[in-house]
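Asks: Hey, dropping data_0.pdb in here, PDB, C-alpha atoms, pLDDT in the B column:
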```pdb
MODEL        1
ATOM      1  CA  MET A  68     117.755 105.261  98.855  1.00 36.00           C
ATOM      2  CA  SER A  69     115.022 102.607  98.844  1.00 36.00           C
ATOM      3  CA  ARG A  70     113.110 101.848 102.034  1.00 36.00           C
ATOM      4  CA  VAL A  71     114.620  98.372 102.306  1.00 37.00           C
ATOM      5  CA  VAL A  72     118.170  99.615 101.851  1.00 32.00           C
ATOM      6  CA  TRP A  73     117.475 102.501 104.226  1.00 31.00           C
ATOM      7  CA  ALA A  74     116.067 100.129 106.855  1.00 35.00           C
ATOM      8  CA  ALA A  75     119.121  97.887 106.587  1.00 35.00           C
ATOM      9  CA  TRP A  76     121.420 100.903 106.836  1.00 32.00           C
ATOM     10  CA  ARG A  77     119.467 102.477 109.690  1.00 34.00           C
ATOM     11  CA  TRP A  78     119.498  99.339 111.805  1.00 37.00           C
ATOM     12  CA  GLY A  79     123.118  98.597 110.950  1.00 37.00           C
ATOM     13  CA  SER A  80     122.547  95.152 109.527  1.00 35.00           C
ATOM     14  CA  ALA A  81     123.010  93.596 106.158  1.00 35.00           C
ATOM     15  CA  VAL A  82     119.836  92.020 104.836  1.00 35.00           C
ATOM     16  CA  ALA A  83     120.205  88.827 102.794  1.00 35.00           C
ATOM     17  CA  ARG A  84     118.139  88.960  99.623  1.00 37.00           C
ATOM     18  CA  GLY A  85     116.401  86.322  97.555  1.00 39.00           C
ATOM     19  CA  PRO A  86     115.944  86.239  93.775  1.00 37.00           C
ATOM     20  CA  ALA A  87     113.282  88.958  93.868  1.00 40.00           C
ATOM     21  CA  GLY A  88     115.483  91.199  96.011  1.00 42.00           C
ATOM     22  CA  ARG A  89     113.368  90.595  99.107  1.00 40.00           C
ATOM     23  CA  PRO A  90     114.994  89.946 102.474  1.00 38.00           C
ATOM     24  CA  LEU A  91     115.350  86.301 103.456  1.00 36.00           C
ATOM     25  CA  SER A  92     115.462  84.808 106.921  1.00 36.00           C
ATOM     26  CA  GLN A  93     118.853  83.903 108.334  1.00 32.00           C
ATOM     27  CA  ALA A  94     117.816  80.245 108.378  1.00 31.00           C
ATOM     28  CA  ALA A  95     116.885  80.253 104.705  1.00 33.00           C
ATOM     29  CA  THR A  96     120.270  81.687 103.763  1.00 31.00           C
ATOM     30  CA  GLY A  97     122.338  79.614 106.156  1.00 32.00           C
ATOM     31  CA  GLY A  98     123.251  82.725 108.168  1.00 34.00           C
ATOM     32  CA  ALA A  99     124.756  82.800 111.616  1.00 33.00           C
ATOM     33  CA  GLU A 100     122.788  81.469 114.551  1.00 34.00           C
ATOM     34  CA  GLY A 101     121.423  83.959 117.049  1.00 35.00           C
ATOM     35  CA  GLY A 102     123.405  84.111 120.274  1.00 36.00           C
ATOM     36  CA  GLY A 103     122.377  83.982 123.899  1.00 36.00           C
ATOM     37  CA  ALA A 104     119.374  82.305 125.451  1.00 37.00           C
ATOM     38  CA  GLU A 105     117.181  83.061 122.440  1.00 38.00           C
ATOM     39  CA  GLY A 106     119.222  80.721 120.258  1.00 41.00           C
ATOM     40  CA  SER A 107     119.165  77.737 122.590  1.00 45.00           C
ATOM     41  CA  GLY A 108     116.683  75.690 124.546  1.00 54.00           C
ATOM     42  CA  GLY A 109     113.070  75.070 123.677  1.00 67.00           C
ATOM     43  CA  GLY A 110     111.319  78.257 124.865  1.00 83.00           C
ATOM     44  CA  SER A 111     108.846  80.118 122.658  1.00 84.00           C
ATOM     45  CA  GLY A 112     111.562  82.544 121.575  1.00 88.00           C
ATOM     46  CA  SER A 113     114.210  79.934 120.812  1.00 92.00           C
ATOM     47  CA  ARG A 114     115.458  79.626 117.265  1.00 94.00           C
ATOM     48  CA  GLU A 115     114.027  76.093 117.060  1.00 95.00           C
ATOM     49  CA  ALA A 116     110.579  77.172 118.288  1.00 95.00           C
ATOM     50  CA  VAL A 117     110.457  80.105 115.871  1.00 96.00           C
ATOM     51  CA  GLU A 118     111.623  77.867 113.019  1.00 96.00           C
ATOM     52  CA  ARG A 119     108.744  75.467 113.739  1.00 96.00           C
ATOM     53  CA  LEU A 120     106.251  78.368 113.716  1.00 97.00           C
ATOM     54  CA  VAL A 121     107.412  79.911 110.433  1.00 97.00           C
ATOM     55  CA  ARG A 122     107.367  76.517 108.712  1.00 97.00           C
ATOM     56  CA  ALA A 123     104.036  75.347 110.175  1.00 96.00           C
ATOM     57  CA  HIS A 124     101.899  77.014 107.499  1.00 96.00           C
ATOM     58  CA  PRO A 125     102.401  78.526 104.021  1.00 97.00           C
ATOM     59  CA  VAL A 126     101.509  82.035 105.294  1.00 98.00           C
ATOM     60  CA  VAL A 127     102.602  83.115 108.773  1.00 98.00           C
ATOM     61  CA  VAL A 128     102.312  86.574 110.306  1.00 98.00           C
ATOM     62  CA  PHE A 129     103.847  87.763 113.560  1.00 98.00           C
ATOM     63  CA  MET A 130     101.873  90.806 114.594  1.00 98.00           C
ATOM     64  CA  LYS A 131     100.624  92.946 117.429  1.00 98.00           C
ATOM     65  CA  GLY A 132      97.127  91.738 118.207  1.00 98.00           C
ATOM     66  CA  SER A 133      95.099  89.345 116.086  1.00 97.00           C
ATOM     67  CA  PRO A 134      93.686  89.503 112.550  1.00 97.00           C
ATOM     68  CA  GLU A 135      90.291  90.201 114.112  1.00 97.00           C
ATOM     69  CA  GLN A 136      91.717  92.966 116.316  1.00 97.00           C
ATOM     70  CA  PRO A 137      95.112  94.303 115.206  1.00 98.00           C
ATOM     71  CA  LEU A 138      96.696  96.481 117.882  1.00 97.00           C
ATOM     72  CA  CYS A 139      98.880  98.667 115.672  1.00 97.00           C
ATOM     73  CA  GLY A 140      98.433 100.346 112.324  1.00 97.00           C
ATOM     74  CA  PHE A 141     101.184  98.362 110.622  1.00 98.00           C
ATOM     75  CA  SER A 142      99.708  95.033 111.738  1.00 98.00           C
ATOM     76  CA  ASN A 143      96.305  96.250 110.564  1.00 98.00           C
ATOM     77  CA  ALA A 144      97.756  97.162 107.157  1.00 98.00           C
ATOM     78  CA  VAL A 145      99.225  93.651 106.744  1.00 98.00           C
ATOM     79  CA  VAL A 146      95.862  92.098 107.637  1.00 98.00           C
ATOM     80  CA  GLN A 147      94.088  94.384 105.136  1.00 98.00           C
ATOM     81  CA  ILE A 148      96.537  93.583 102.336  1.00 97.00           C
ATOM     82  CA  LEU A 149      96.070  89.859 102.913  1.00 97.00           C
ATOM     83  CA  ARG A 150      92.272  90.347 102.936  1.00 97.00           C
ATOM     84  CA  LEU A 151      92.436  92.257  99.634  1.00 96.00           C
ATOM     85  CA  HIS A 152      94.095  89.206  98.129  1.00 97.00           C
ATOM     86  CA  GLY A 153      91.553  86.869  99.730  1.00 96.00           C
ATOM     87  CA  VAL A 154      94.130  85.256 102.021  1.00 96.00           C
ATOM     88  CA  GLU A 155      92.125  84.247 105.075  1.00 93.00           C
ATOM     89  CA  ASP A 156      93.884  80.978 105.905  1.00 93.00           C
ATOM     90  CA  TYR A 157      97.111  81.950 107.621  1.00 97.00           C
ATOM     91  CA  ASN A 158      98.748  81.521 110.996  1.00 97.00           C
ATOM     92  CA  ALA A 159      98.934  84.726 113.020  1.00 98.00           C
ATOM     93  CA  HIS A 160     100.910  85.046 116.244  1.00 97.00           C
ATOM     94  CA  ASP A 161     100.324  87.904 118.682  1.00 98.00           C
ATOM     95  CA  VAL A 162     103.801  88.864 119.899  1.00 97.00           C
ATOM     96  CA  LEU A 163     102.304  91.060 122.626  1.00 97.00           C
ATOM     97  CA  GLN A 164     101.153  87.882 124.381  1.00 97.00           C
ATOM     98  CA  ASP A 165     104.675  86.430 124.506  1.00 96.00           C
ATOM     99  CA  PRO A 166     107.722  88.700 125.040  1.00 95.00           C
ATOM    100  CA  ASP A 167     110.096  85.784 124.369  1.00 96.00           C
ATOM    101  CA  LEU A 168     108.497  85.165 120.978  1.00 97.00           C
ATOM    102  CA  ARG A 169     108.541  88.898 120.227  1.00 97.00           C
ATOM    103  CA  GLN A 170     112.306  89.043 120.717  1.00 96.00           C
ATOM    104  CA  GLY A 171     112.894  85.577 119.257  1.00 97.00           C
ATOM    105  CA  ILE A 172     111.276  86.434 115.923  1.00 97.00           C
ATOM    106  CA  LYS A 173     113.346  89.620 115.677  1.00 97.00           C
ATOM    107  CA  ASN A 174     116.515  87.610 116.301  1.00 96.00           C
ATOM    108  CA  TYR A 175     115.480  84.898 113.857  1.00 96.00           C
ATOM    109  CA  SER A 176     114.840  87.278 110.967  1.00 96.00           C
ATOM    110  CA  ASN A 177     117.435  89.871 111.915  1.00 96.00           C
ATOM    111  CA  TRP A 178     114.616  92.378 111.363  1.00 96.00           C
ATOM    112  CA  PRO A 179     113.882  94.801 114.223  1.00 96.00           C
ATOM    113  CA  THR A 180     110.187  95.486 113.740  1.00 97.00           C
ATOM    114  CA  ILE A 181     106.798  93.799 113.927  1.00 98.00           C
ATOM    115  CA  PRO A 182     104.768  92.760 111.941  1.00 98.00           C
ATOM    116  CA  GLN A 183     106.754  90.154 110.073  1.00 98.00           C
ATOM    117  CA  VAL A 184     105.399  88.075 107.204  1.00 98.00           C
ATOM    118  CA  TYR A 185     106.663  84.645 106.121  1.00 98.00           C
ATOM    119  CA  LEU A 186     105.673  82.869 102.915  1.00 97.00           C
ATOM    120  CA  ASN A 187     106.526  79.178 102.737  1.00 96.00           C
ATOM    121  CA  GLY A 188     108.982  79.552 105.617  1.00 96.00           C
ATOM    122  CA  GLU A 189     110.805  82.452 103.966  1.00 96.00           C
ATOM    123  CA  PHE A 190     110.919  85.888 105.584  1.00 97.00           C
ATOM    124  CA  VAL A 191     109.294  88.423 103.268  1.00 97.00           C
ATOM    125  CA  GLY A 192     109.475  91.531 105.443  1.00 96.00           C
ATOM    126  CA  GLY A 193     107.179  93.838 107.305  1.00 97.00           C
ATOM    127  CA  CYS A 194     104.299  96.090 106.391  1.00 97.00           C
ATOM    128  CA  ASP A 195     106.279  98.311 104.024  1.00 97.00           C
ATOM    129  CA  ILE A 196     107.658  95.374 102.030  1.00 97.00           C
ATOM    130  CA  LEU A 197     104.261  93.653 101.814  1.00 97.00           C
ATOM    131  CA  LEU A 198     102.678  96.926 100.670  1.00 97.00           C
ATOM    132  CA  GLN A 199     105.351  97.346  98.012  1.00 97.00           C
ATOM    133  CA  MET A 200     104.811  93.756  96.830  1.00 97.00           C
ATOM    134  CA  HIS A 201     101.056  94.395  96.693  1.00 97.00           C
ATOM    135  CA  GLN A 202     101.524  97.583  94.677  1.00 96.00           C
ATOM    136  CA  ASN A 203     103.949  96.146  92.126  1.00 96.00           C
ATOM    137  CA  GLY A 204     102.157  92.796  91.675  1.00 95.00           C
ATOM    138  CA  ASP A 205     104.836  90.618  93.253  1.00 96.00           C
ATOM    139  CA  LEU A 206     102.473  89.464  96.000  1.00 97.00           C
ATOM    140  CA  VAL A 207     100.097  87.933  93.443  1.00 96.00           C
ATOM    141  CA  GLU A 208     103.014  85.955  92.009  1.00 96.00           C
ATOM    142  CA  GLU A 209     104.319  84.846  95.410  1.00 96.00           C
ATOM    143  CA  LEU A 210     100.859  83.685  96.465  1.00 96.00           C
ATOM    144  CA  LYS A 211     100.529  81.777  93.194  1.00 96.00           C
ATOM    145  CA  LYS A 212     103.727  79.871  94.073  1.00 95.00           C
ATOM    146  CA  LEU A 213     101.964  78.773  97.271  1.00 94.00           C
ATOM    147  CA  GLY A 214      98.908  77.611  95.366  1.00 94.00           C
ATOM    148  CA  ILE A 215      96.882  80.621  96.497  1.00 94.00           C
ATOM    149  CA  ARG A 216      94.958  82.485  93.836  1.00 94.00           C
ATOM    150  CA  SER A 217      94.751  86.181  94.681  1.00 94.00           C
ATOM    151  CA  ALA A 218      91.214  87.535  94.859  1.00 93.00           C
ATOM    152  CA  LEU A 219      92.518  90.582  92.977  1.00 90.00           C
ATOM    153  CA  LEU A 220      92.828  88.443  89.844  1.00 88.00           C
ATOM    154  CA  ASP A 221      89.121  87.637  90.058  1.00 81.00           C
ATOM    155  CA  ALA A 222      88.313  91.307  90.662  1.00 70.00           C
ATOM    156  CA  GLU A 223      90.302  92.257  87.530  1.00 63.00           C
ATOM    157  CA  LYS A 224      88.422  89.622  85.529  1.00 60.00           C
ATOM    158  CA  ASP A 225      85.100  91.057  86.728  1.00 55.00           C
ATOM    159  CA  GLN A 226      86.212  94.555  85.699  1.00 56.00           C
ATOM    160  CA  ASP A 227      87.198  93.301  82.244  1.00 53.00           C
ATOM    161  CA  LYS A 228      83.680  91.867  81.728  1.00 58.00           C
ATOM    162  CA  LYS A 229      82.067  95.275  82.306  1.00 54.00           C
TER     163      LYS A 229
ENDMDL
END
```
Could you render the structure as structure tokens?

Replies:
Amino acid sequence: MSRVVWAAWRWGSAVARGPAGRPLSQAATGGAEGGGAEGSGGGSGSREAVERLVRAHPVVVFMKGSPEQPLCGFSNAVVQILRLHGVEDYNAHDVLQDPDLRQGIKNYSNWPTIPQVYLNGEFVGGCDILLQMHQNGDLVEELKKLGIRSALLDAEKDQDKK
């Protein structure tokens, strides 16, 4: 059983998938609204506030800590993967600073863990998914769609010259 399928099974939720088989956010697929206080009002964890954050920049990461000082290994791994690809210009949100946002982003994506990565407003997944995309080359292609040239392409070119 793949990690993604296992995670969906383990947490008891179906995960909507895009063309590449990656999970999509509920909003991107027209899924059901989150219930309770998180889905209404204008607080930092409201569906509307989270929607504004994920759409505010082509690359958005919800993490524990900051890119300069990640506070968990999974958040650190996401930061390192993005650095490998030369992605320095992205919005990062420290969910430890805002419990409402921490819960709101989990409700929005229907994904129980942090970090969470969004590309062009679309939920990609967490550390394990980003690592898998890095390893199989999908991340290079997704970044290209955003107009971001992966630094790994330049590194490959340099290796070919040697």

Asks: As an exercise, work out the distance from CA of Gly110 (chain A) to CA of Gly171 (chain A) in Å and give it to one decimal place.

Replies: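 Calculated distance between CA of Gly110 (chain A) and CA of Gly171 (chain A) is 9.4 Å.
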
Asks: For the atom pair CA of Glu209 (chain A) and CA of Ala144 (chain A), what is the interatomic distance in Å to one decimal place?

Replies: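 CA of Ala144 (chain A) lies 18.2 Å from CA of Glu209 (chain A).
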
Asks: If you count only C-alpha atoms, which residues fall within 7 Å of Leu186 (chain A), apart from same-chain ones fewer than 4 positions away, as a VMD selection string?

Replies: chain A and resid 125 to 127 190 to 191

Asks: Quick one: residues within 12 Å of Leu206 (chain A), only C-alpha atoms, excluding same-chain residues fewer than 5 positions away - as a VMD selection string?

Replies: chain A and resid 87 89 126 145 148 to 149 151 to 154 184 to 186 191 to 192 196 to 201 211 to 213 215 to 220

Asks: Care to translate the PyMOL selection byres ((chain A and resi 158-170) around 10) into actual residues of this file, as a PyMOL selection string?

Replies: chain A and resi 104-105+110-114+116-117+120-121+123-134+137-138+142+146+155-157+171-175+179-185

Asks: Got time to write the residues from that selection, C-alpha atoms, as a CSV table (one decimal), in the coordinates of the input?

Replies:
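Saved as again.csv:
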```csv
chain,number,residue,atom,x,y,z
A,104,ALA,CA,119.4,82.3,125.5
A,105,GLU,CA,117.2,83.1,122.4
A,110,GLY,CA,111.3,78.3,124.9
A,111,SER,CA,108.8,80.1,122.7
A,112,GLY,CA,111.6,82.5,121.6
A,113,SER,CA,114.2,79.9,120.8
A,114,ARG,CA,115.5,79.6,117.3
A,116,ALA,CA,110.6,77.2,118.3
A,117,VAL,CA,110.5,80.1,115.9
A,120,LEU,CA,106.3,78.4,113.7
A,121,VAL,CA,107.4,79.9,110.4
A,123,ALA,CA,104.0,75.3,110.2
A,124,HIS,CA,101.9,77.0,107.5
A,125,PRO,CA,102.4,78.5,104.0
A,126,VAL,CA,101.5,82.0,105.3
A,127,VAL,CA,102.6,83.1,108.8
A,128,VAL,CA,102.3,86.6,110.3
A,129,PHE,CA,103.8,87.8,113.6
A,130,MET,CA,101.9,90.8,114.6
A,131,LYS,CA,100.6,92.9,117.4
A,132,GLY,CA,97.1,91.7,118.2
A,133,SER,CA,95.1,89.3,116.1
A,134,PRO,CA,93.7,89.5,112.6
A,137,PRO,CA,95.1,94.3,115.2
A,138,LEU,CA,96.7,96.5,117.9
A,142,SER,CA,99.7,95.0,111.7
A,146,VAL,CA,95.9,92.1,107.6
A,155,GLU,CA,92.1,84.2,105.1
A,156,ASP,CA,93.9,81.0,105.9
A,157,TYR,CA,97.1,82.0,107.6
A,171,GLY,CA,112.9,85.6,119.3
A,172,ILE,CA,111.3,86.4,115.9
A,173,LYS,CA,113.3,89.6,115.7
A,174,ASN,CA,116.5,87.6,116.3
A,175,TYR,CA,115.5,84.9,113.9
A,179,PRO,CA,113.9,94.8,114.2
A,180,THR,CA,110.2,95.5,113.7
A,181,ILE,CA,106.8,93.8,113.9
A,182,PRO,CA,104.8,92.8,111.9
A,183,GLN,CA,106.8,90.2,110.1
A,184,VAL,CA,105.4,88.1,107.2
A,185,TYR,CA,106.7,84.6,106.1
```

Asks: Taking all atoms of region 139-147 of chain A that the file lists and extending 5 Å past them on each side, where is the centre of the axis-aligned box and how long are its edges? Answer in Å to one decimal, as JSON.

Replies:
```
{"center_x": 97.6, "center_y": 96.2, "center_z": 110.4, "size_x": 17.1, "size_y": 18.2, "size_z": 20.5}
```

Asks: Between CA of Leu210 (chain A) and CA of Arg122 (chain A), measure the distance and give it in Å to one decimal.

Replies: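 Between these atoms lies a distance of 15.6 Å.
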